[in-house]
$ cat target.txt   # compact mmCIF, C-alpha atoms
# COMPACT_ATOMS: atom_id res chain seq x y z
CA MET A 1 63.84 88.73 218.60
CA LYS A 2 65.03 85.62 217.13
CA LYS A 3 64.52 86.77 213.65
CA LEU A 4 65.81 89.95 212.46
CA PHE A 5 63.14 92.15 212.09
CA LEU A 6 62.56 94.03 209.01
CA ILE A 7 61.74 97.40 208.03
CA PRO A 8 62.14 99.01 204.98
CA VAL A 9 60.32 101.77 206.45
CA ALA A 10 62.39 103.83 208.57
CA ALA A 11 61.09 102.17 211.56
CA ALA A 12 59.06 104.31 213.83
CA LEU A 13 59.27 105.16 217.39
CA PHE A 14 57.17 106.84 220.00
CA ALA A 15 56.53 106.94 223.65
CA ALA A 16 53.06 108.05 224.56
CA CYS A 17 51.02 107.65 227.63
CA SER A 18 47.85 105.67 227.69
CA ASN A 19 45.43 106.79 230.36
CA GLU A 20 43.23 103.74 230.21
CA THR A 21 44.17 102.56 233.72
CA GLU A 22 43.25 104.61 236.78
CA ASN A 23 44.86 103.96 240.16
CA THR A 24 44.06 107.10 242.06
CA ASP A 25 42.90 105.17 245.13
CA ASN A 26 45.96 102.94 245.28
CA ASP A 27 48.42 104.09 247.91
CA GLY A 28 50.82 101.20 247.32
CA PRO A 29 53.58 100.95 244.73
CA VAL A 30 52.29 100.94 241.13
CA PRO A 31 54.36 99.18 238.45
CA LEU A 32 54.86 100.70 235.03
CA GLN A 33 52.93 98.80 232.35
CA ILE A 34 54.47 98.74 228.88
CA SER A 35 53.09 97.78 225.49
CA VAL A 36 55.18 97.99 222.34
CA GLY A 37 54.00 98.57 218.78
CA ASN A 38 55.10 96.64 215.74
CA LEU A 39 57.28 98.35 213.18
CA GLU A 40 56.17 99.21 209.70
CA VAL A 41 57.94 96.89 207.32
CA SER A 42 58.46 95.57 203.84
CA THR A 43 56.68 92.35 203.00
CA GLU A 44 59.75 91.04 201.22
CA VAL A 45 61.96 90.78 204.27
CA ALA A 46 61.51 88.05 206.81
CA THR A 47 63.82 88.58 209.77
CA ARG A 48 63.88 90.97 212.79
CA ALA A 49 66.17 93.35 211.09
CA ALA A 50 63.52 92.27 208.74
CA ASN A 51 60.34 91.25 210.46
CA SER A 52 57.74 93.58 211.89
CA ALA A 53 56.48 91.26 214.61
CA TRP A 54 57.87 90.88 218.10
CA GLU A 55 58.35 87.31 219.25
CA ALA A 56 58.09 85.35 222.46
CA SER A 57 61.00 86.01 224.83
CA ASP A 58 62.02 89.26 223.09
CA GLN A 59 63.40 91.66 225.70
CA ILE A 60 63.74 95.44 225.80
CA GLY A 61 65.74 97.53 228.25
CA VAL A 62 64.06 100.45 230.03
CA TYR A 63 65.29 103.53 231.89
CA ALA A 64 62.89 105.70 233.92
CA LEU A 65 63.70 109.20 235.20
CA PRO A 66 61.89 112.27 236.51
CA THR A 67 60.41 114.17 233.56
CA GLY A 68 62.89 116.44 231.84
CA THR A 69 65.98 115.04 233.53
CA THR A 70 68.89 112.89 232.42
CA THR A 71 70.73 112.74 235.69
CA THR A 72 72.59 109.96 237.47
CA PRO A 73 71.69 107.95 239.45
CA ILE A 74 68.59 107.00 237.48
CA ALA A 75 65.82 107.44 240.00
CA TYR A 76 63.08 105.03 239.03
CA GLY A 77 64.64 102.26 236.97
CA SER A 78 68.04 101.66 235.41
CA ASN A 79 68.21 99.10 232.59
CA LYS A 80 65.12 97.22 233.72
CA TYR A 81 64.24 94.47 231.30
CA TYR A 82 60.74 93.79 230.05
CA THR A 83 59.87 90.59 228.19
CA LEU A 84 57.11 90.02 225.63
CA THR A 85 54.25 88.23 227.37
CA ASP A 86 51.27 88.82 225.07
CA GLU A 87 51.80 87.83 221.45
CA THR A 88 48.18 88.58 220.55
CA GLY A 89 48.34 92.29 221.20
CA SER A 90 45.72 95.01 221.00
CA THR A 91 45.04 97.67 218.37
CA ASP A 92 45.21 101.36 219.14
CA ALA A 93 41.89 102.81 217.96
CA THR A 94 43.44 106.12 216.92
CA GLY A 95 46.45 105.00 214.93
CA GLY A 96 45.71 101.38 214.13
CA THR A 97 49.05 100.23 215.53
CA VAL A 98 49.13 96.79 217.14
CA TYR A 99 50.67 96.92 220.61
CA LYS A 100 51.89 93.88 222.52
CA ASN A 101 52.39 93.70 226.25
CA PHE A 102 55.84 93.43 227.81
CA THR A 103 56.19 92.53 231.49
CA GLY A 104 59.06 93.14 233.90
CA THR A 105 59.85 90.64 236.67
CA ASP A 106 61.51 93.55 238.49
CA PRO A 107 59.55 96.42 236.94
CA VAL A 108 59.81 100.18 237.15
CA TYR A 109 57.59 101.58 239.93
CA LEU A 110 55.90 104.93 239.50
CA PRO A 111 56.66 107.75 241.99
CA ALA A 112 54.35 107.54 245.00
CA ASN A 113 53.77 111.31 244.94
CA GLY A 114 52.17 111.13 241.48
CA SER A 115 54.92 113.03 239.66
CA ALA A 116 55.61 112.23 235.99
CA ILE A 117 58.51 110.24 234.59
CA ASP A 118 60.22 109.90 231.23
CA VAL A 119 60.60 106.40 229.82
CA TYR A 120 63.45 105.45 227.48
CA GLY A 121 63.71 102.03 225.87
CA TYR A 122 66.13 100.14 223.64
CA TYR A 123 66.40 96.75 221.94
CA PRO A 124 67.93 94.21 222.28
CA TYR A 125 68.34 94.16 226.04
CA SER A 126 71.89 93.89 227.39
CA GLU A 127 72.68 93.24 231.02
CA SER A 128 75.81 95.36 230.71
CA ALA A 129 73.95 98.49 229.51
CA THR A 130 73.97 100.22 232.89
CA ASP A 131 74.88 103.64 231.42
CA PRO A 132 72.15 104.97 229.10
CA THR A 133 74.61 107.47 227.63
CA ALA A 134 76.96 104.71 226.44
CA VAL A 135 75.15 101.52 225.44
CA GLY A 136 77.63 99.30 223.63
CA ILE A 137 77.20 98.38 219.95
CA ASN A 138 79.24 95.77 218.09
CA VAL A 139 78.31 94.54 214.59
CA SER A 140 81.40 92.45 213.91
CA THR A 141 79.71 89.02 214.09
CA GLN A 142 77.15 88.33 211.36
CA THR A 143 77.08 84.59 210.81
CA ASP A 144 73.33 83.98 210.70
CA ALA A 145 69.91 85.52 211.37
CA THR A 146 70.28 84.99 215.11
CA ALA A 147 73.53 86.95 215.17
CA ILE A 148 71.92 89.73 213.12
CA ALA A 149 68.98 89.95 215.52
CA ALA A 150 71.40 90.41 218.40
CA ILE A 151 72.87 93.56 216.83
CA ASP A 152 69.70 95.06 215.32
CA PHE A 153 69.80 98.09 217.62
CA MET A 154 66.64 100.16 218.16
CA THR A 155 65.51 102.87 220.56
CA THR A 156 62.27 104.60 221.42
CA GLY A 157 61.36 108.16 220.59
CA LYS A 158 58.44 110.53 220.22
CA GLU A 159 55.37 110.46 218.01
CA ASP A 160 56.93 112.49 215.19
CA HIS A 161 59.27 109.50 214.63
CA THR A 162 62.35 111.73 214.59
CA THR A 163 62.66 113.28 218.06
CA HIS A 164 64.54 111.29 220.67
CA GLY A 165 63.28 110.57 224.13
CA GLY A 166 60.45 108.97 226.04
CA SER A 167 57.02 109.87 227.32
CA GLU A 168 56.67 112.82 229.65
CA THR A 169 53.21 111.98 230.99
CA ILE A 170 53.54 108.60 232.75
CA LYS A 171 52.24 108.91 236.30
CA LYS A 172 50.98 106.70 239.11
CA ASN A 173 47.33 107.24 238.14
CA THR A 174 48.07 106.58 234.44
CA PRO A 175 50.74 103.86 234.64
CA SER A 176 50.47 102.41 231.16
CA CYS A 177 52.59 103.63 228.26
CA GLN A 178 52.92 102.62 224.62
CA LEU A 179 56.31 102.58 222.93
CA LEU A 180 57.38 102.51 219.31
CA PHE A 181 60.95 101.71 218.28
CA ALA A 182 63.14 102.91 215.43
CA HIS A 183 66.20 101.31 213.85
CA ARG A 184 69.37 103.25 214.66
CA LEU A 185 71.79 101.31 212.46
CA VAL A 186 71.77 100.48 208.73
CA LYS A 187 70.69 97.33 206.93
CA LEU A 188 72.15 96.12 203.64
CA VAL A 189 70.44 93.37 201.65
CA PHE A 190 72.03 91.63 198.66
CA ASN A 191 69.53 89.68 196.56
CA LEU A 192 71.41 87.25 194.32
CA LYS A 193 70.22 85.45 191.20
CA ALA A 194 71.87 83.45 188.46
CA GLY A 195 72.51 85.12 185.11
CA THR A 196 74.40 84.23 181.94
CA GLY A 197 76.55 81.14 182.31
CA MET A 198 75.22 80.42 185.82
CA SER A 199 72.51 78.21 187.30
CA SER A 200 70.44 78.76 190.42
CA SER A 201 72.28 75.94 192.16
CA ASP A 202 75.57 77.79 191.65
CA ILE A 203 74.18 80.28 194.16
CA THR A 204 71.93 78.23 196.40
CA SER A 205 74.54 75.50 196.89
CA ALA A 206 77.64 77.70 196.97
CA SER A 207 79.86 77.17 200.00
CA PRO A 208 80.88 79.56 201.25
CA CYS A 209 78.28 82.09 200.17
CA SER A 210 79.08 85.45 201.72
CA VAL A 211 79.10 89.21 201.21
CA SER A 212 81.77 91.49 202.65
CA ILE A 213 82.17 95.26 202.69
CA THR A 214 85.34 97.19 203.44
CA GLY A 215 85.96 100.46 205.26
CA GLN A 216 83.54 99.91 208.13
CA LYS A 217 83.77 100.61 211.82
CA THR A 218 82.06 97.88 213.81
CA GLU A 219 81.98 99.24 217.36
CA GLY A 220 80.57 102.23 219.18
CA THR A 221 78.48 103.47 222.08
CA TYR A 222 74.98 104.91 221.87
CA ASN A 223 73.43 107.68 223.95
CA ILE A 224 69.79 106.70 224.52
CA TYR A 225 68.89 110.24 225.64
CA THR A 226 70.21 112.06 222.57
CA ASP A 227 70.32 109.31 219.92
CA ALA A 228 74.00 110.06 219.35
CA LEU A 229 76.42 107.34 218.23
CA THR A 230 80.08 107.54 219.23
CA TYR A 231 82.35 105.44 217.02
CA THR A 232 85.18 103.44 218.52
CA GLY A 233 87.82 101.09 217.16
CA SER A 234 89.30 101.10 213.67
CA GLN A 235 87.90 100.49 210.20
CA THR A 236 87.75 96.91 209.06
CA THR A 237 85.90 94.55 206.72
CA ILE A 238 82.52 93.12 207.73
CA VAL A 239 81.75 89.65 206.40
CA SER A 240 78.22 88.23 206.52
CA THR A 241 76.89 84.77 205.80
CA ALA A 242 73.48 85.63 207.30
CA THR A 243 70.67 84.79 204.92
CA GLN A 244 67.10 85.97 204.80
CA GLU A 245 64.20 85.22 202.48
CA ALA A 246 65.07 86.49 199.00
CA LYS A 247 62.55 88.60 197.15
CA GLY A 248 60.67 87.08 194.24
CA GLY A 249 62.81 86.02 191.28
CA PHE A 250 66.06 85.78 193.25
CA ASP A 251 67.86 82.68 194.47
CA LYS A 252 69.35 83.84 197.78
CA ALA A 253 69.63 86.95 199.95
CA ILE A 254 72.47 87.92 202.29
CA GLN A 255 71.90 90.61 204.91
CA LEU A 256 74.31 92.82 206.81
CA ILE A 257 74.02 95.41 209.57
CA VAL A 258 76.50 98.32 209.41
CA LEU A 259 76.99 101.53 211.35
CA PRO A 260 75.82 104.76 209.69
CA THR A 261 78.48 106.52 207.66
CA HIS A 262 80.17 109.54 209.16
CA ASP A 263 82.46 112.05 207.44
CA THR A 264 85.40 111.37 209.74
CA ASN A 265 84.64 108.33 211.88
CA ASN A 266 83.08 106.02 209.30
CA PRO A 267 83.78 107.68 205.94
CA LYS A 268 81.73 107.30 202.78
CA SER A 269 84.58 106.43 200.43
CA ASP A 270 86.33 103.14 199.76
CA ARG A 271 83.37 100.82 200.32
CA THR A 272 84.21 97.76 198.26
CA VAL A 273 81.72 94.89 198.22
CA THR A 274 82.91 91.33 197.57
CA ILE A 275 80.47 88.52 196.84
CA THR A 276 81.94 85.08 197.37
CA LEU A 277 80.32 82.02 195.82
CA GLY A 278 82.47 79.01 196.51
CA THR A 279 85.84 79.69 194.87
CA ALA A 280 84.53 82.56 192.73
CA THR A 281 84.55 86.19 193.88
CA TYR A 282 82.91 89.28 192.37
CA GLN A 283 83.41 92.90 193.37
CA PHE A 284 81.91 96.33 192.98
CA THR A 285 82.60 99.63 194.73
CA ILE A 286 80.07 101.93 196.38
CA PHE A 287 81.31 105.50 195.94
CA ASP A 288 80.01 108.62 197.60
CA GLY A 289 77.41 109.99 195.19
CA VAL A 290 79.18 113.37 195.21
CA ASN A 291 82.71 112.03 195.45
CA ALA A 292 84.87 113.49 192.72
CA ALA A 293 86.93 110.32 192.77
CA ALA A 294 84.01 108.27 191.48
CA PRO A 295 84.60 107.56 187.77
CA ALA A 296 82.21 109.02 185.22
CA ASP A 297 81.79 105.56 183.74
CA PRO A 298 79.62 103.63 186.23
CA ASP A 299 81.07 100.28 185.18
CA GLY A 300 82.22 98.63 188.36
CA THR A 301 80.71 101.22 190.72
CA LEU A 302 77.52 102.25 192.40
CA GLN A 303 77.01 105.76 193.72
CA VAL A 304 75.28 105.93 197.09
CA ALA A 305 76.03 109.05 199.08
CA ALA A 306 75.93 107.61 202.58
CA PHE A 307 74.57 104.84 204.72
CA GLU A 308 71.92 106.61 206.79
CA ALA A 309 70.62 105.35 210.11
CA GLY A 310 67.24 103.64 209.92
CA LYS A 311 67.45 102.91 206.20
CA GLU A 312 67.71 99.67 204.26
CA TYR A 313 69.84 99.57 201.13
CA THR A 314 68.85 96.78 198.76
CA PHE A 315 71.23 95.59 196.05
CA ASP A 316 69.72 93.34 193.38
CA VAL A 317 72.61 91.36 191.91
CA THR A 318 72.56 89.24 188.77
CA VAL A 319 75.58 86.95 188.82
CA ASN A 320 76.86 86.29 185.32
CA ALA A 321 79.77 83.94 184.79
CA ALA A 322 82.00 86.87 183.82
CA ARG A 323 80.59 89.76 185.84
CA LEU A 324 77.81 91.11 188.05
CA SER A 325 74.92 93.34 187.12
CA VAL A 326 73.84 95.39 190.13
CA THR A 327 71.07 97.84 190.91
CA ALA A 328 70.45 99.55 194.24
CA ALA A 329 67.47 101.00 196.07
CA ILE A 330 67.03 102.70 199.42
CA THR A 331 64.05 102.14 201.70
CA ASN A 332 63.20 103.08 205.23
CA TRP A 333 64.52 99.57 206.78
CA VAL A 334 61.35 103.87 200.25
CA SER A 335 62.41 104.02 197.25
CA VAL A 336 65.00 106.49 196.04
CA ALA A 337 66.45 106.55 192.54
CA ALA A 338 69.08 103.88 192.05
CA GLN A 339 71.92 103.79 189.59
CA ASN A 340 72.69 100.71 187.56
CA ALA A 341 76.19 99.35 187.54
CA THR A 342 78.11 96.35 186.34
CA ALA A 343 80.85 94.80 188.41
CA LYS A 344 83.55 92.62 186.96

$ encode --input "target.txt" --output "structure tokens"
Amino acid sequence: MKKLFLIPVAAALFAACSNETENTDNDGPVPLQISVGNLEVSTEVATRAANSAWEASDQIGVYALPTGTTTTPIAYGSNKYYTLTDETGSTDATGGTVYKNFTGTDPVYLPANGSAIDVYGYYPYSESATDPTAVGINVSTQTDATAIAAIDFMTTGKEDHTTHGGSETIKKNTPSCQLLFAHRLVKLVFNLKAGTGMSSSDITSASPCSVSITGQKTEGTYNIYTDALTYTGSQTTIVSTATQEAKGGFDKAIQLIVLPTHDTNNPKSDRTVTITLGTATYQFTIFDGVNAAAPADPDGTLQVAAFEAGKEYTFDVTVNAARLSVTAAITNWVSVAAQNATAK
């Protein structure tokens, strides 16, 4: 999607079969038909890592295997891409979800013997993702909304929105399946507004205007079958200049995508945020909420235990001439208690 799509709600996922289409008398090859549901989202975010709607030319990657298997080679379709072709969509009468049709120019074909297949999907499509156990992820480039959309990684799952995997009931005589996707990375949003000694133009016209965060790994591989992320590379600083629509009362919003925190591979400590507005810089530190090293006095810190996959962490920042005032909230990409802090 060109825009990041949103989701404060931990985006959902699901792969369920729709038995609306019958092809029992068709002895020829039957292509898999796919429709994809929109994600639940917050009305305050406006990009794909922020926007609930799929857009023209959006592409998903699909793997299709015999039910219950994760073997190689992939029997019925390896990294087949499907493109959004119906922006109108249809509403599922049972759940109310709007599903839009995706079409493959070289689609998955259902087994001629009528046996069932499992369908796994991911977004955004990558031509190089030939191994579903190691789909590459790289969040190092975050210059604008287009760059964010390209790294807003999602996969499909089951109806409970937590279990990995695809449908187990897609067959030749019921060739249509509905998919829901969930965010597998983490979104950070920094809403900025002018405070004491500042004007709105000091933020809206600032060049550069960026947010950076230290102590982050930016690369890894993702196992579509198990929803397991393997971290690679070393820790570094992520810098973002990608804007999105700011929520009411704020002058600008900067968004970032980061990998989930991990005790050893992407630790929760030493996460320093720097906000740059022209020649001025402001900092605050995000400590582990249970980290003994976090000072008792919250001045200059925020305590957030971990960056969890599928969640959006929103930081509302008032930029005063001398310091920042910051509050934080967590949503599913709902609100959890936030601690106030002031950063010098």

$ closest_residue --input "target.txt" --among "A:Val273, A:Leu259, A:Val119, A:Val326" --to "Lys217 (chain A)" --atoms "all atoms listed in the file"
A:Leu259

$ atom_distance --input "target.txt" --atom1 "CA of Thr279 (chain A)" --atom2 "CA of Asp316 (chain A)"
21.2 Å

$ atom_distance --input "target.txt" --atom1 "CA of Trp333 (chain A)" --atom2 "CA of Thr169 (chain A)"
29.5 Å

$ residues_around --input "target.txt" --residues "Ala206 (chain A)" --least-positions-apart "5" --cutoff "10 Å" --atoms "only C-alpha atoms" --output "list in words"
Ser200, Ser201, Thr276, Leu277, Gly278, Thr279 and Ala280 of chain A

$ residues_around --input "target.txt" --residues "region 241-257 of chain A" --least-positions-apart "2" --cutoff "9 Å" --atoms "only C-alpha atoms" --output "PDB file with C-alpha atoms, keeping the file's coordinate frame"
ATOM      1  CA  LEU A   4      65.810  89.950 212.460  1.00  0.00           C
ATOM      2  CA  GLU A  44      59.750  91.040 201.220  1.00  0.00           C
ATOM      3  CA  VAL A  45      61.960  90.780 204.270  1.00  0.00           C
ATOM      4  CA  ALA A  46      61.510  88.050 206.810  1.00  0.00           C
ATOM      5  CA  THR A  47      63.820  88.580 209.770  1.00  0.00           C
ATOM      6  CA  ALA A  49      66.170  93.350 211.090  1.00  0.00           C
ATOM      7  CA  ALA A  50      63.520  92.270 208.740  1.00  0.00           C
ATOM      8  CA  VAL A 139      78.310  94.540 214.590  1.00  0.00           C
ATOM      9  CA  GLN A 142      77.150  88.330 211.360  1.00  0.00           C
ATOM     10  CA  THR A 143      77.080  84.590 210.810  1.00  0.00           C
ATOM     11  CA  ASP A 144      73.330  83.980 210.700  1.00  0.00           C
ATOM     12  CA  ALA A 145      69.910  85.520 211.370  1.00  0.00           C
ATOM     13  CA  THR A 146      70.280  84.990 215.110  1.00  0.00           C
ATOM     14  CA  ALA A 147      73.530  86.950 215.170  1.00  0.00           C
ATOM     15  CA  ILE A 148      71.920  89.730 213.120  1.00  0.00           C
ATOM     16  CA  ILE A 151      72.870  93.560 216.830  1.00  0.00           C
ATOM     17  CA  ASP A 152      69.700  95.060 215.320  1.00  0.00           C
ATOM     18  CA  LEU A 185      71.790 101.310 212.460  1.00  0.00           C
ATOM     19  CA  VAL A 186      71.770 100.480 208.730  1.00  0.00           C
ATOM     20  CA  LYS A 187      70.690  97.330 206.930  1.00  0.00           C
ATOM     21  CA  LEU A 188      72.150  96.120 203.640  1.00  0.00           C
ATOM     22  CA  VAL A 189      70.440  93.370 201.650  1.00  0.00           C
ATOM     23  CA  PHE A 190      72.030  91.630 198.660  1.00  0.00           C
ATOM     24  CA  ASN A 191      69.530  89.680 196.560  1.00  0.00           C
ATOM     25  CA  LEU A 192      71.410  87.250 194.320  1.00  0.00           C
ATOM     26  CA  LYS A 193      70.220  85.450 191.200  1.00  0.00           C
ATOM     27  CA  ALA A 194      71.870  83.450 188.460  1.00  0.00           C
ATOM     28  CA  SER A 200      70.440  78.760 190.420  1.00  0.00           C
ATOM     29  CA  SER A 201      72.280  75.940 192.160  1.00  0.00           C
ATOM     30  CA  ILE A 203      74.180  80.280 194.160  1.00  0.00           C
ATOM     31  CA  THR A 204      71.930  78.230 196.400  1.00  0.00           C
ATOM     32  CA  PRO A 208      80.880  79.560 201.250  1.00  0.00           C
ATOM     33  CA  CYS A 209      78.280  82.090 200.170  1.00  0.00           C
ATOM     34  CA  SER A 210      79.080  85.450 201.720  1.00  0.00           C
ATOM     35  CA  VAL A 211      79.100  89.210 201.210  1.00  0.00           C
ATOM     36  CA  SER A 212      81.770  91.490 202.650  1.00  0.00           C
ATOM     37  CA  ILE A 238      82.520  93.120 207.730  1.00  0.00           C
ATOM     38  CA  VAL A 239      81.750  89.650 206.400  1.00  0.00           C
ATOM     39  CA  LEU A 259      76.990 101.530 211.350  1.00  0.00           C
ATOM     40  CA  ASP A 316      69.720  93.340 193.380  1.00  0.00           C
ATOM     41  CA  VAL A 317      72.610  91.360 191.910  1.00  0.00           C
ATOM     42  CA  THR A 318      72.560  89.240 188.770  1.00  0.00           C
TER      43      THR A 318
END

$ residues_around --input "target.txt" --residues "Pro31 (chain A)" --least-positions-apart "2" --cutoff "8 Å" --atoms "only C-alpha atoms" --output "MDAnalysis selection string"
chainID A and resid 29 33 107:110 175

$ closest_residue --input "target.txt" --among "A:Cys177, A:Ile117, A:Ala329, A:Leu324" --to "Thr69 (chain A)" --atoms "all atoms listed in the file"
A:Ile117

$ atom_distance --input "target.txt" --atom1 "CA of Ser128 (chain A)" --atom2 "CA of Thr103 (chain A)"
19.8 Å

$ closest_residue --input "target.txt" --among "A:Tyr125, A:Val319, A:Asn173, A:Asp288" --to "Asp202 (chain A)" --atoms "only C-alpha atoms"
A:Val319

$ build_atoms --input "target.txt" --residues "region 147-155 of chain A" --atoms "all heavy atoms" --output "PDB file, in the coordinates of the input"
ATOM      1  N   ALA A 147      72.483  85.972 214.888  1.00  0.00           N
ATOM      2  CA  ALA A 147      73.530  86.950 215.170  1.00  0.00           C
ATOM      3  C   ALA A 147      73.104  88.343 214.726  1.00  0.00           C
ATOM      4  O   ALA A 147      73.394  89.342 215.402  1.00  0.00           O
ATOM      5  CB  ALA A 147      74.830  86.543 214.468  1.00  0.00           C
ATOM      6  N   ILE A 148      72.404  88.438 213.599  1.00  0.00           N
ATOM      7  CA  ILE A 148      71.920  89.730 213.120  1.00  0.00           C
ATOM      8  C   ILE A 148      70.908  90.315 214.104  1.00  0.00           C
ATOM      9  O   ILE A 148      70.922  91.506 214.422  1.00  0.00           O
ATOM     10  CB  ILE A 148      71.300  89.594 211.723  1.00  0.00           C
ATOM     11  CG1 ILE A 148      72.354  89.199 210.683  1.00  0.00           C
ATOM     12  CG2 ILE A 148      70.603  90.891 211.316  1.00  0.00           C
ATOM     13  CD1 ILE A 148      73.291  90.301 210.290  1.00  0.00           C
ATOM     14  N   ALA A 149      69.999  89.479 214.578  1.00  0.00           N
ATOM     15  CA  ALA A 149      68.980  89.950 215.520  1.00  0.00           C
ATOM     16  C   ALA A 149      69.614  90.533 216.774  1.00  0.00           C
ATOM     17  O   ALA A 149      69.105  91.484 217.357  1.00  0.00           O
ATOM     18  CB  ALA A 149      68.039  88.799 215.891  1.00  0.00           C
ATOM     19  N   ALA A 150      70.734  89.966 217.181  1.00  0.00           N
ATOM     20  CA  ALA A 150      71.400  90.410 218.400  1.00  0.00           C
ATOM     21  C   ALA A 150      72.058  91.765 218.264  1.00  0.00           C
ATOM     22  O   ALA A 150      72.421  92.386 219.273  1.00  0.00           O
ATOM     23  CB  ALA A 150      72.436  89.371 218.826  1.00  0.00           C
ATOM     24  N   ILE A 151      72.226  92.250 217.036  1.00  0.00           N
ATOM     25  CA  ILE A 151      72.870  93.560 216.830  1.00  0.00           C
ATOM     26  C   ILE A 151      71.935  94.557 216.163  1.00  0.00           C
ATOM     27  O   ILE A 151      72.339  95.681 215.834  1.00  0.00           O
ATOM     28  CB  ILE A 151      74.159  93.425 215.993  1.00  0.00           C
ATOM     29  CG1 ILE A 151      73.868  92.807 214.623  1.00  0.00           C
ATOM     30  CG2 ILE A 151      75.195  92.602 216.738  1.00  0.00           C
ATOM     31  CD1 ILE A 151      75.077  92.721 213.717  1.00  0.00           C
ATOM     32  N   ASP A 152      70.678  94.186 215.978  1.00  0.00           N
ATOM     33  CA  ASP A 152      69.700  95.060 215.320  1.00  0.00           C
ATOM     34  C   ASP A 152      69.218  96.117 216.312  1.00  0.00           C
ATOM     35  O   ASP A 152      68.148  95.991 216.897  1.00  0.00           O
ATOM     36  CB  ASP A 152      68.538  94.211 214.814  1.00  0.00           C
ATOM     37  CG  ASP A 152      67.479  95.037 214.122  1.00  0.00           C
ATOM     38  OD1 ASP A 152      67.809  96.116 213.610  1.00  0.00           O
ATOM     39  OD2 ASP A 152      66.320  94.600 214.106  1.00  0.00           O
ATOM     40  N   PHE A 153      70.007  97.141 216.523  1.00  0.00           N
ATOM     41  CA  PHE A 153      69.800  98.090 217.620  1.00  0.00           C
ATOM     42  C   PHE A 153      68.672  99.075 217.320  1.00  0.00           C
ATOM     43  O   PHE A 153      68.652  99.720 216.263  1.00  0.00           O
ATOM     44  CB  PHE A 153      71.102  98.841 217.884  1.00  0.00           C
ATOM     45  CG  PHE A 153      71.088  99.648 219.140  1.00  0.00           C
ATOM     46  CD1 PHE A 153      71.230  99.037 220.371  1.00  0.00           C
ATOM     47  CD2 PHE A 153      70.928 101.021 219.091  1.00  0.00           C
ATOM     48  CE1 PHE A 153      71.211  99.786 221.548  1.00  0.00           C
ATOM     49  CE2 PHE A 153      70.919 101.778 220.249  1.00  0.00           C
ATOM     50  CZ  PHE A 153      71.056 101.155 221.479  1.00  0.00           C
ATOM     51  N   MET A 154      67.750  99.215 218.287  1.00  0.00           N
ATOM     52  CA  MET A 154      66.640 100.160 218.160  1.00  0.00           C
ATOM     53  C   MET A 154      66.445 100.911 219.470  1.00  0.00           C
ATOM     54  O   MET A 154      66.781 100.403 220.541  1.00  0.00           O
ATOM     55  CB  MET A 154      65.346  99.427 217.818  1.00  0.00           C
ATOM     56  CG  MET A 154      65.355  98.716 216.485  1.00  0.00           C
ATOM     57  SD  MET A 154      63.738  97.991 216.104  1.00  0.00           S
ATOM     58  CE  MET A 154      63.688  96.662 217.320  1.00  0.00           C
ATOM     59  N   THR A 155      65.882 102.109 219.366  1.00  0.00           N
ATOM     60  CA  THR A 155      65.510 102.870 220.560  1.00  0.00           C
ATOM     61  C   THR A 155      64.142 103.485 220.368  1.00  0.00           C
ATOM     62  O   THR A 155      63.628 103.575 219.250  1.00  0.00           O
ATOM     63  CB  THR A 155      66.520 103.994 220.874  1.00  0.00           C
ATOM     64  OG1 THR A 155      66.458 104.999 219.847  1.00  0.00           O
ATOM     65  CG2 THR A 155      67.935 103.454 220.992  1.00  0.00           C
TER      66      THR A 155
END
